[in-house]
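Structure data follow from work.cif (mmCIF, C-alpha atoms):
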data_input
#
loop_
_atom_site.group_PDB
_atom_site.id
_atom_site.type_symbol
_atom_site.label_atom_id
_atom_site.label_comp_id
_atom_site.auth_asym_id
_atom_site.auth_seq_id
_atom_site.Cartn_x
_atom_site.Cartn_y
_atom_site.Cartn_z
ATOM 1 C CA MET A 1 14.629 -8.590 -29.614
ATOM 2 C CA THR A 2 15.083 -11.476 -27.205
ATOM 3 C CA ALA A 3 13.553 -14.927 -27.424
ATOM 4 C CA ASN A 4 11.706 -14.350 -24.156
ATOM 5 C CA SER A 5 9.885 -11.380 -25.693
ATOM 6 C CA VAL A 6 8.326 -13.447 -28.497
ATOM 7 C CA ILE A 7 8.018 -16.984 -27.087
ATOM 8 C CA VAL A 8 7.184 -18.341 -23.662
ATOM 9 C CA SER A 9 7.854 -21.789 -22.181
ATOM 10 C CA PRO A 10 5.135 -23.846 -20.475
ATOM 11 C CA ALA A 11 6.759 -23.287 -17.078
ATOM 12 C CA GLU A 12 6.990 -19.530 -17.609
ATOM 13 C CA LEU A 13 3.385 -19.372 -18.762
ATOM 14 C CA ALA A 14 2.150 -21.375 -15.777
ATOM 15 C CA ALA A 15 3.871 -18.913 -13.448
ATOM 16 C CA GLU A 16 2.381 -15.928 -15.260
ATOM 17 C CA LEU A 17 -1.123 -17.396 -15.194
ATOM 18 C CA ALA A 18 -0.812 -17.773 -11.435
ATOM 19 C CA GLY A 19 0.515 -14.242 -11.016
ATOM 20 C CA PRO A 20 -1.108 -10.838 -10.640
ATOM 21 C CA ARG A 21 -1.162 -9.979 -14.365
ATOM 22 C CA PRO A 22 -2.092 -13.110 -16.310
ATOM 23 C CA PRO A 23 -2.001 -12.909 -20.103
ATOM 24 C CA VAL A 24 -4.988 -13.337 -22.375
ATOM 25 C CA LEU A 25 -4.837 -16.797 -23.986
ATOM 26 C CA LEU A 26 -5.823 -17.516 -27.592
ATOM 27 C CA ASP A 27 -6.201 -21.091 -28.864
ATOM 28 C CA VAL A 28 -5.492 -21.098 -32.605
ATOM 29 C CA ARG A 29 -5.489 -24.816 -33.404
ATOM 30 C CA TRP A 30 -5.828 -25.349 -37.157
ATOM 31 C CA GLN A 31 -5.275 -27.878 -39.905
ATOM 32 C CA LEU A 32 -4.588 -27.032 -43.535
ATOM 33 C CA GLY A 33 -7.526 -27.943 -45.752
ATOM 34 C CA GLY A 34 -9.485 -29.545 -42.914
ATOM 35 C CA PRO A 35 -12.473 -28.544 -40.807
ATOM 36 C CA ASP A 36 -11.931 -26.112 -37.978
ATOM 37 C CA LEU A 37 -10.743 -27.545 -34.684
ATOM 38 C CA ARG A 38 -13.324 -25.953 -32.416
ATOM 39 C CA SER A 39 -14.406 -29.441 -31.324
ATOM 40 C CA ALA A 40 -10.848 -30.171 -30.197
ATOM 41 C CA TYR A 41 -10.830 -26.885 -28.291
ATOM 42 C CA GLU A 42 -14.142 -27.762 -26.646
ATOM 43 C CA ALA A 43 -12.763 -31.139 -25.597
ATOM 44 C CA GLY A 44 -9.840 -29.548 -23.768
ATOM 45 C CA HIS A 45 -7.890 -26.275 -23.761
ATOM 46 C CA LEU A 46 -5.789 -24.140 -21.459
ATOM 47 C CA PRO A 47 -7.995 -22.657 -18.736
ATOM 48 C CA GLY A 48 -9.373 -19.326 -19.888
ATOM 49 C CA ALA A 49 -8.239 -19.686 -23.502
ATOM 50 C CA VAL A 50 -10.541 -18.426 -26.274
ATOM 51 C CA TYR A 51 -10.732 -20.268 -29.586
ATOM 52 C CA VAL A 52 -9.881 -18.274 -32.714
ATOM 53 C CA ASP A 53 -10.514 -19.729 -36.183
ATOM 54 C CA LEU A 54 -7.598 -19.070 -38.526
ATOM 55 C CA ASP A 55 -9.491 -19.504 -41.798
ATOM 56 C CA ARG A 56 -12.404 -17.248 -40.818
ATOM 57 C CA GLU A 57 -10.945 -14.814 -38.300
ATOM 58 C CA LEU A 58 -7.217 -14.546 -39.082
ATOM 59 C CA ALA A 59 -7.675 -14.312 -42.850
ATOM 60 C CA GLY A 60 -9.933 -12.692 -45.381
ATOM 61 C CA PRO A 61 -11.854 -14.622 -48.035
ATOM 62 C CA PRO A 62 -9.551 -16.516 -50.429
ATOM 63 C CA GLY A 63 -9.173 -15.045 -53.897
ATOM 64 C CA ALA A 64 -6.727 -13.059 -55.971
ATOM 65 C CA GLY A 65 -4.846 -12.098 -52.797
ATOM 66 C CA GLY A 66 -4.091 -15.733 -51.970
ATOM 67 C CA ARG A 67 -5.568 -18.537 -49.893
ATOM 68 C CA HIS A 68 -5.184 -16.636 -46.620
ATOM 69 C CA PRO A 69 -5.136 -12.926 -47.427
ATOM 70 C CA LEU A 70 -4.963 -10.520 -44.515
ATOM 71 C CA PRO A 71 -8.275 -9.985 -42.744
ATOM 72 C CA ASP A 72 -9.984 -6.620 -42.696
ATOM 73 C CA ALA A 73 -8.280 -4.759 -39.869
ATOM 74 C CA GLU A 74 -11.498 -3.621 -38.207
ATOM 75 C CA GLU A 75 -13.021 -7.092 -38.367
ATOM 76 C CA PHE A 76 -9.825 -8.533 -36.901
ATOM 77 C CA GLY A 77 -9.951 -5.967 -34.119
ATOM 78 C CA ALA A 78 -13.520 -6.935 -33.302
ATOM 79 C CA VAL A 79 -12.520 -10.604 -33.087
ATOM 80 C CA MET A 80 -9.654 -9.766 -30.763
ATOM 81 C CA ARG A 81 -11.816 -7.583 -28.516
ATOM 82 C CA ARG A 82 -14.421 -10.353 -28.233
ATOM 83 C CA ALA A 83 -11.569 -12.657 -27.196
ATOM 84 C CA GLY A 84 -10.664 -10.239 -24.390
ATOM 85 C CA VAL A 85 -7.607 -8.651 -26.010
ATOM 86 C CA SER A 86 -6.675 -5.203 -24.689
ATOM 87 C CA ALA A 87 -3.748 -3.025 -25.632
ATOM 88 C CA ASP A 88 -2.176 -3.047 -22.169
ATOM 89 C CA VAL A 89 -2.597 -6.767 -21.338
ATOM 90 C CA PRO A 90 -0.094 -9.422 -22.534
ATOM 91 C CA VAL A 91 -1.346 -12.013 -25.012
ATOM 92 C CA VAL A 92 -0.112 -15.587 -25.432
ATOM 93 C CA VAL A 93 -1.205 -17.616 -28.458
ATOM 94 C CA TYR A 94 -0.856 -21.357 -28.949
ATOM 95 C CA ASP A 95 -1.888 -24.144 -31.303
ATOM 96 C CA GLY A 96 -1.619 -27.913 -31.300
ATOM 97 C CA GLY A 97 2.161 -27.863 -31.424
ATOM 98 C CA LEU A 98 3.249 -27.150 -34.999
ATOM 99 C CA GLY A 99 3.321 -23.435 -34.244
ATOM 100 C CA TRP A 100 2.299 -22.154 -37.666
ATOM 101 C CA ALA A 101 -1.215 -21.037 -36.757
ATOM 102 C CA ALA A 102 -0.076 -19.510 -33.470
ATOM 103 C CA ALA A 103 2.604 -17.600 -35.352
ATOM 104 C CA ARG A 104 -0.006 -16.253 -37.777
ATOM 105 C CA ALA A 105 -1.993 -14.843 -34.837
ATOM 106 C CA TRP A 106 1.225 -13.519 -33.271
ATOM 107 C CA TRP A 107 2.214 -11.781 -36.501
ATOM 108 C CA LEU A 108 -1.218 -10.233 -37.057
ATOM 109 C CA LEU A 109 -1.296 -8.837 -33.536
ATOM 110 C CA ARG A 110 2.226 -7.497 -33.952
ATOM 111 C CA TRP A 111 1.419 -6.000 -37.371
ATOM 112 C CA THR A 112 -1.659 -4.279 -35.980
ATOM 113 C CA GLY A 113 0.267 -2.771 -33.109
ATOM 114 C CA HIS A 114 -0.115 -4.990 -30.043
ATOM 115 C CA PRO A 115 3.099 -4.569 -28.010
ATOM 116 C CA GLN A 116 3.005 -7.693 -25.822
ATOM 117 C CA VAL A 117 2.209 -10.875 -27.737
ATOM 118 C CA ARG A 118 4.083 -14.182 -27.524
ATOM 119 C CA VAL A 119 3.747 -17.758 -28.746
ATOM 120 C CA LEU A 120 3.687 -20.730 -26.378
ATOM 121 C CA ASP A 121 6.782 -22.645 -27.461
ATOM 122 C CA GLY A 122 5.711 -26.157 -28.464
ATOM 123 C CA GLY A 123 2.023 -25.335 -28.145
ATOM 124 C CA LEU A 124 -0.555 -27.453 -26.389
ATOM 125 C CA ALA A 125 1.592 -30.569 -26.767
ATOM 126 C CA ALA A 126 4.418 -28.989 -24.759
ATOM 127 C CA TRP A 127 1.950 -27.635 -22.186
ATOM 128 C CA THR A 128 0.407 -31.032 -21.464
ATOM 129 C CA ALA A 129 3.803 -32.787 -21.571
ATOM 130 C CA ALA A 130 4.917 -30.407 -18.810
ATOM 131 C CA GLY A 131 1.878 -31.321 -16.698
ATOM 132 C CA GLY A 132 -0.162 -28.266 -17.548
ATOM 133 C CA ALA A 133 -3.884 -28.419 -16.862
ATOM 134 C CA VAL A 134 -6.564 -28.389 -19.547
ATOM 135 C CA THR A 135 -10.295 -27.857 -19.199
ATOM 136 C CA ALA A 136 -13.473 -28.192 -21.236
ATOM 137 C CA GLU A 137 -14.970 -25.206 -19.421
ATOM 138 C CA PRO A 138 -15.902 -22.496 -21.963
ATOM 139 C CA ALA A 139 -14.047 -19.222 -21.608
ATOM 140 C CA ALA A 140 -16.066 -16.084 -20.880
ATOM 141 C CA PRO A 141 -13.679 -13.151 -21.332
ATOM 142 C CA SER A 142 -14.562 -9.546 -20.705
ATOM 143 C CA GLU A 143 -14.617 -7.379 -23.826
ATOM 144 C CA GLY A 144 -11.170 -6.014 -24.627
ATOM 145 C CA ASP A 145 -10.251 -2.585 -25.953
ATOM 146 C CA PHE A 146 -7.644 -3.440 -28.603
ATOM 147 C CA LYS A 147 -7.850 -1.197 -31.671
ATOM 148 C CA PRO A 148 -5.658 -2.301 -34.575
ATOM 149 C CA THR A 149 -3.264 0.130 -36.209
ATOM 150 C CA PRO A 150 -1.803 -1.803 -39.172
ATOM 151 C CA GLY A 151 1.784 -1.291 -40.250
ATOM 152 C CA ALA A 152 3.729 -1.811 -37.037
ATOM 153 C CA VAL A 153 5.956 -4.496 -38.633
ATOM 154 C CA GLY A 154 7.117 -5.186 -42.179
ATOM 155 C CA LEU A 155 4.667 -6.342 -44.851
ATOM 156 C CA LEU A 156 5.487 -7.096 -48.490
ATOM 157 C CA ASP A 157 3.277 -7.204 -51.553
ATOM 158 C CA ALA A 158 4.177 -9.185 -54.680
ATOM 159 C CA ASP A 159 6.238 -6.389 -56.228
ATOM 160 C CA GLY A 160 8.047 -5.813 -52.942
ATOM 161 C CA ALA A 161 8.848 -9.504 -52.611
ATOM 162 C CA ALA A 162 10.208 -9.616 -56.165
ATOM 163 C CA ALA A 163 12.421 -6.603 -55.507
ATOM 164 C CA LEU A 164 13.675 -7.901 -52.166
ATOM 165 C CA ALA A 165 14.661 -11.222 -53.742
ATOM 166 C CA ARG A 166 17.209 -9.197 -55.754
ATOM 167 C CA SER A 167 18.215 -6.471 -53.316
ATOM 168 C CA GLY A 168 18.224 -8.454 -50.056
ATOM 169 C CA VAL A 169 17.248 -11.963 -48.961
ATOM 170 C CA LEU A 170 13.820 -13.473 -49.588
ATOM 171 C CA LEU A 171 13.346 -16.766 -47.742
ATOM 172 C CA ASP A 172 10.903 -19.417 -48.978
ATOM 173 C CA ALA A 173 9.569 -21.215 -45.889
ATOM 174 C CA ARG A 174 7.865 -24.080 -47.758
ATOM 175 C CA ALA A 175 9.159 -27.628 -48.063
ATOM 176 C CA GLY A 176 12.144 -27.969 -50.366
ATOM 177 C CA GLU A 177 10.317 -30.078 -52.938
ATOM 178 C CA ARG A 178 7.687 -27.370 -53.378
ATOM 179 C CA TYR A 179 10.377 -24.706 -53.723
ATOM 180 C CA ARG A 180 12.102 -26.782 -56.400
ATOM 181 C CA GLY A 181 8.819 -27.323 -58.227
ATOM 182 C CA GLU A 182 8.952 -31.112 -57.935
ATOM 183 C CA VAL A 183 5.472 -31.235 -56.391
ATOM 184 C CA GLU A 184 2.732 -28.689 -55.814
ATOM 185 C CA PRO A 185 -0.215 -30.150 -53.931
ATOM 186 C CA ILE A 186 -2.176 -26.940 -53.428
ATOM 187 C CA ASP A 187 -1.351 -24.024 -55.708
ATOM 188 C CA PRO A 188 -1.647 -23.705 -59.521
ATOM 189 C CA VAL A 189 2.076 -23.796 -60.334
ATOM 190 C CA GLY A 190 5.156 -25.337 -58.705
ATOM 191 C CA GLY A 191 8.432 -23.515 -58.143
ATOM 192 C CA HIS A 192 9.519 -20.344 -56.398
ATOM 193 C CA ILE A 193 9.894 -16.597 -56.736
ATOM 194 C CA PRO A 194 13.050 -15.926 -58.781
ATOM 195 C CA GLY A 195 15.906 -15.064 -56.450
ATOM 196 C CA ALA A 196 14.290 -16.550 -53.338
ATOM 197 C CA VAL A 197 16.296 -18.870 -51.091
ATOM 198 C CA SER A 198 14.894 -22.188 -49.838
ATOM 199 C CA ALA A 199 14.540 -22.140 -46.040
ATOM 200 C CA PRO A 200 11.967 -24.702 -44.854
ATOM 201 C CA THR A 201 10.407 -23.528 -41.611
ATOM 202 C CA THR A 202 10.442 -27.102 -40.287
ATOM 203 C CA GLU A 203 14.205 -26.716 -39.801
ATOM 204 C CA ASN A 204 13.672 -23.958 -37.213
ATOM 205 C CA VAL A 205 12.413 -26.388 -34.570
ATOM 206 C CA GLY A 206 13.536 -29.564 -32.860
ATOM 207 C CA ALA A 207 11.813 -32.943 -32.805
ATOM 208 C CA ASP A 208 9.603 -31.707 -29.962
ATOM 209 C CA GLY A 209 8.291 -28.806 -32.046
ATOM 210 C CA ARG A 210 10.042 -26.205 -29.928
ATOM 211 C CA PHE A 211 12.264 -23.550 -31.450
ATOM 212 C CA LEU A 212 15.990 -24.094 -31.687
ATOM 213 C CA PRO A 213 18.094 -21.807 -29.476
ATOM 214 C CA GLY A 214 18.710 -18.318 -30.758
ATOM 215 C CA ASP A 215 22.382 -18.929 -31.564
ATOM 216 C CA ALA A 216 21.504 -21.999 -33.630
ATOM 217 C CA LEU A 217 18.865 -20.033 -35.532
ATOM 218 C CA ARG A 218 21.278 -17.155 -36.120
ATOM 219 C CA ALA A 219 23.798 -19.591 -37.573
ATOM 220 C CA ARG A 220 21.163 -21.162 -39.788
ATOM 221 C CA PHE A 221 19.973 -17.854 -41.183
ATOM 222 C CA ALA A 222 23.508 -16.510 -41.573
ATOM 223 C CA ALA A 223 24.297 -19.508 -43.777
ATOM 224 C CA LEU A 224 21.307 -18.509 -45.923
ATOM 225 C CA GLY A 225 22.568 -14.932 -46.245
ATOM 226 C CA ALA A 226 20.204 -13.390 -43.684
ATOM 227 C CA GLY A 227 21.676 -11.228 -40.950
ATOM 228 C CA GLY A 228 23.651 -8.078 -40.444
ATOM 229 C CA ASP A 229 22.312 -5.119 -42.391
ATOM 230 C CA VAL A 230 20.693 -7.196 -45.140
ATOM 231 C CA ALA A 231 16.950 -6.643 -45.626
ATOM 232 C CA VAL A 232 15.067 -9.920 -45.106
ATOM 233 C CA GLY A 233 11.630 -11.078 -46.194
ATOM 234 C CA VAL A 234 9.735 -14.360 -45.940
ATOM 235 C CA TYR A 235 6.976 -16.063 -47.879
ATOM 236 C CA CYS A 236 5.393 -19.512 -47.838
ATOM 237 C CA GLY A 237 2.258 -20.986 -49.399
ATOM 238 C CA SER A 238 -0.313 -18.601 -47.971
ATOM 239 C CA GLY A 239 1.250 -16.535 -45.191
ATOM 240 C CA VAL A 240 0.902 -19.030 -42.329
ATOM 241 C CA SER A 241 4.160 -21.002 -42.068
ATOM 242 C CA GLY A 242 5.931 -17.853 -43.282
ATOM 243 C CA ALA A 243 4.808 -16.113 -40.087
ATOM 244 C CA HIS A 244 6.454 -18.946 -38.152
ATOM 245 C CA GLU A 245 9.715 -18.233 -39.975
ATOM 246 C CA VAL A 246 9.413 -14.521 -39.190
ATOM 247 C CA LEU A 247 9.045 -15.569 -35.545
ATOM 248 C CA ALA A 248 12.150 -17.759 -35.770
ATOM 249 C CA LEU A 249 14.056 -14.824 -37.272
ATOM 250 C CA GLU A 250 12.907 -12.631 -34.364
ATOM 251 C CA ILE A 251 14.289 -15.205 -31.936
ATOM 252 C CA ALA A 252 17.560 -14.978 -33.863
ATOM 253 C CA GLY A 253 17.507 -11.188 -33.532
ATOM 254 C CA ILE A 254 16.720 -10.566 -37.218
ATOM 255 C CA GLU A 255 13.823 -8.399 -38.345
ATOM 256 C CA ALA A 256 11.949 -9.675 -41.375
ATOM 257 C CA ALA A 257 8.944 -8.631 -43.429
ATOM 258 C CA LEU A 258 6.221 -11.089 -44.428
ATOM 259 C CA TYR A 259 4.834 -11.439 -47.940
ATOM 260 C CA ALA A 260 1.354 -12.322 -46.751
ATOM 261 C CA GLY A 261 -0.080 -13.277 -50.150
ATOM 262 C CA SER A 262 2.847 -15.661 -50.617
ATOM 263 C CA TRP A 263 2.997 -18.353 -53.302
ATOM 264 C CA SER A 264 -0.786 -18.727 -53.475
ATOM 265 C CA GLU A 265 -1.052 -15.121 -54.675
ATOM 266 C CA TRP A 266 2.120 -15.117 -56.775
ATOM 267 C CA SER A 267 1.342 -18.336 -58.649
ATOM 268 C CA SER A 268 -2.233 -17.260 -59.462
ATOM 269 C CA ASP A 269 -0.912 -14.410 -61.622
ATOM 270 C CA PRO A 270 0.263 -15.765 -65.003
ATOM 271 C CA ASN A 271 2.371 -12.640 -65.526
ATOM 272 C CA ARG A 272 4.610 -13.453 -62.539
ATOM 273 C CA PRO A 273 7.806 -15.353 -63.380
ATOM 274 C CA VAL A 274 8.418 -18.759 -61.818
ATOM 275 C CA ALA A 275 11.779 -20.398 -61.113
ATOM 276 C CA THR A 276 12.282 -24.121 -60.542
ATOM 277 C CA GLY A 277 15.146 -26.277 -59.323
ATOM 278 C CA PRO A 278 17.378 -25.997 -56.263
ATOM 279 C CA ASP A 279 18.966 -22.621 -57.097
ATOM 280 C CA PRO A 280 17.448 -19.191 -56.448
ATOM 281 C CA GLN A 281 17.978 -18.071 -60.120
#
Would you kindly transcribe this structure into structure tokens?
Amino acid sequence: MTANSVIVSPAELAAELAGPRPPVLLDVRWQLGGPDLRSAYEAGHLPGAVYVDLDRELAGPPGAGGRHPLPDAEEFGAVMRRAGVSADVPVVVYDGGLGWAAARAWWLLRWTGHPQVRVLDGGLAAWTAAGGAVTAEPAAPSEGDFKPTPGAVGLLDADGAAALARSGVLLDARAGERYRGEVEPIDPVGGHIPGAVSAPTTENVGADGRFLPGDALRARFAALGAGGDVAVGVYCGSGVSGAHEVLALEIAGIEAALYAGSWSEWSSDPNRPVATGPDPQ
């Protein structure tokens, strides 16, 4: 897996949009705990981009499966088709710049079998900084033909995550203070899955929000024990920033499975053990 197969720069995207086979564009701007950002999309977006709501269209209803459980595959497929997604047309997803929401859309499309989906590196912020055009003109895509076939990439449930933390490497993509259990602003309990390694996803990008080079990411993950023939998994709070870490691992040439329920599912079950402090335990 090469970086160019999972991320695209603003300059590369501009060239593709002007070429004979432009990708479908999905705008996945999102803010944790806030209202949807459709109004921001309507104020200005990449020409032709379709807005997709993470909370309603890239996740199922919150509950025992976590705050952002996986959406029903058929409902997700219908959303993607309405957005113009077809199996044989490349897709590029972007958000406001943090990359987490775009990575969630990227991962879902990958998991359901789309072969050509990438994230705009640095998102809308990088696009506009590079002089890219935005428009308030609503997109009117033709209906796509994408039919999801779940299971194309690795997915963990709670038991699988617990086992992988002992048999391989399970990376916790949340902020270090949440991993250590010092604070927990969202979920019922602070701490981490026993055996998991702290690996904040914010350390995968530079100050401009763009991913570090592949060799730098490989070195980072190697220092955390990920690489070679070791099985790797990732979780976060609710399966959003964890998808961003899976993307960073792909750039580094490392395959990883996502525990989609993540800490929001794990911590809601009183029978699941919780570790605190800086060590995996």
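For A:Pro213, the residues within 9 Å (counting all atoms listed in the file, excluding itself and residues fewer than 5 positions away along the chain) are Ala3, Val205, Arg218, Ile251 and Ala252 of chain A.
Nearest residue to A:Gly209 among A:Val234, A:Leu124, A:Val169, A:Leu58 is A:Leu124, counting all atoms listed in the file.
Counting all atoms listed in the file and comparing A:Pro270, A:Gly237, A:Gly190, A:Pro141, the residue that lies closest to A:Arg178 is A:Gly190.
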### Task
Using only C-alpha atoms, determine which residues lie at most 9 Å from stretch 256-268 of chain A, disregarding the query and same-chain residues fewer than 6 positions distant; provide the list as a ChimeraX atom specification.
/A:63-70,107,153-158,160-161,186-193,231-240,242-243,245-247,249-250,274
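The residues returned by the PyMOL selection byres ((chain A and resi 31) around 10) for this structure are Val28, Arg29, Trp30, Leu32, Gly33, Gly34, Pro35, Asp36, Leu37, Leu54, Asp55, Asp95, Gly96, Leu98, Trp100 and Ala101 of chain A.
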### Query
Which residues fall under the PyMOL selection byres ((chain A and resi 5-21) around 12) in this file, as a VMD selection string?
chain A and resid 1 to 4 22 to 25 46 to 49 88 to 94 99 102 to 103 106 to 107 109 to 110 115 to 134 210 to 214 244 246 to 253
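Closest approach to A:Arg180 among A:Gln281, A:Asn271, A:Ala222, A:Asp208 is made by A:Gln281 (distances from all atoms listed in the file).
Distance-wise, atom CA of A:Asp279 and atom CA of A:Glu182 end up 13.2 Å apart.
Going from atom CA of A:Thr112 over to atom CA of A:Ala152, you cover 6.0 Å.
The coordinates place atom CA of A:Leu108 at 9.1 Å from atom CA of A:Pro71.
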Return as AutoDock Vina command-line options the box centre and box size in Å, one decimal, for an axis-aligned box around all listed atoms of stretch 98-113 of chain A padded by 6 Å per side.
--center_x 0.7 --center_y -15.0 --center_z -35.4 --size_x 17.3 --size_y 36.4 --size_z 16.7
### Query
For A:Ala199, which of A:Thr149, A:Thr276, A:Ser86, A:Ser241 is the closest residue, counting only C-alpha atoms?
A:Ser241
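Nearest residue to A:Tyr179, choosing from A:Gly60, A:Gly44, A:Pro280, A:Pro148 and counting all atoms listed in the file: A:Pro280.
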### Summary
Using all atoms listed in the file, the residue out of A:Arg56, A:His114, A:Arg104, A:Arg220 with shortest distance to A:Val85 is A:His114
### Query
Could you name the residues that touch stretch 39-41 of chain A at 8 Å or less, counting all atoms listed in the file, but leaving out those on the same chain fewer than 4 positions away, as number ranges by chain?
A: 27, 29, 45, 51, 136
Residues just named, written with C-alpha atoms as a short mmCIF file (atom, residue, chain, number, x, y, z; two decimals), in the coordinates of the input:
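Written out: result_21.cif:
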data_model
loop_
_atom_site.label_atom_id
_atom_site.label_comp_id
_atom_site.auth_asym_id
_atom_site.auth_seq_id
_atom_site.Cartn_x
_atom_site.Cartn_y
_atom_site.Cartn_z
CA ASP A 27 -6.20 -21.09 -28.86
CA ARG A 29 -5.49 -24.82 -33.40
CA HIS A 45 -7.89 -26.28 -23.76
CA TYR A 51 -10.73 -20.27 -29.59
CA ALA A 136 -13.47 -28.19 -21.24
#
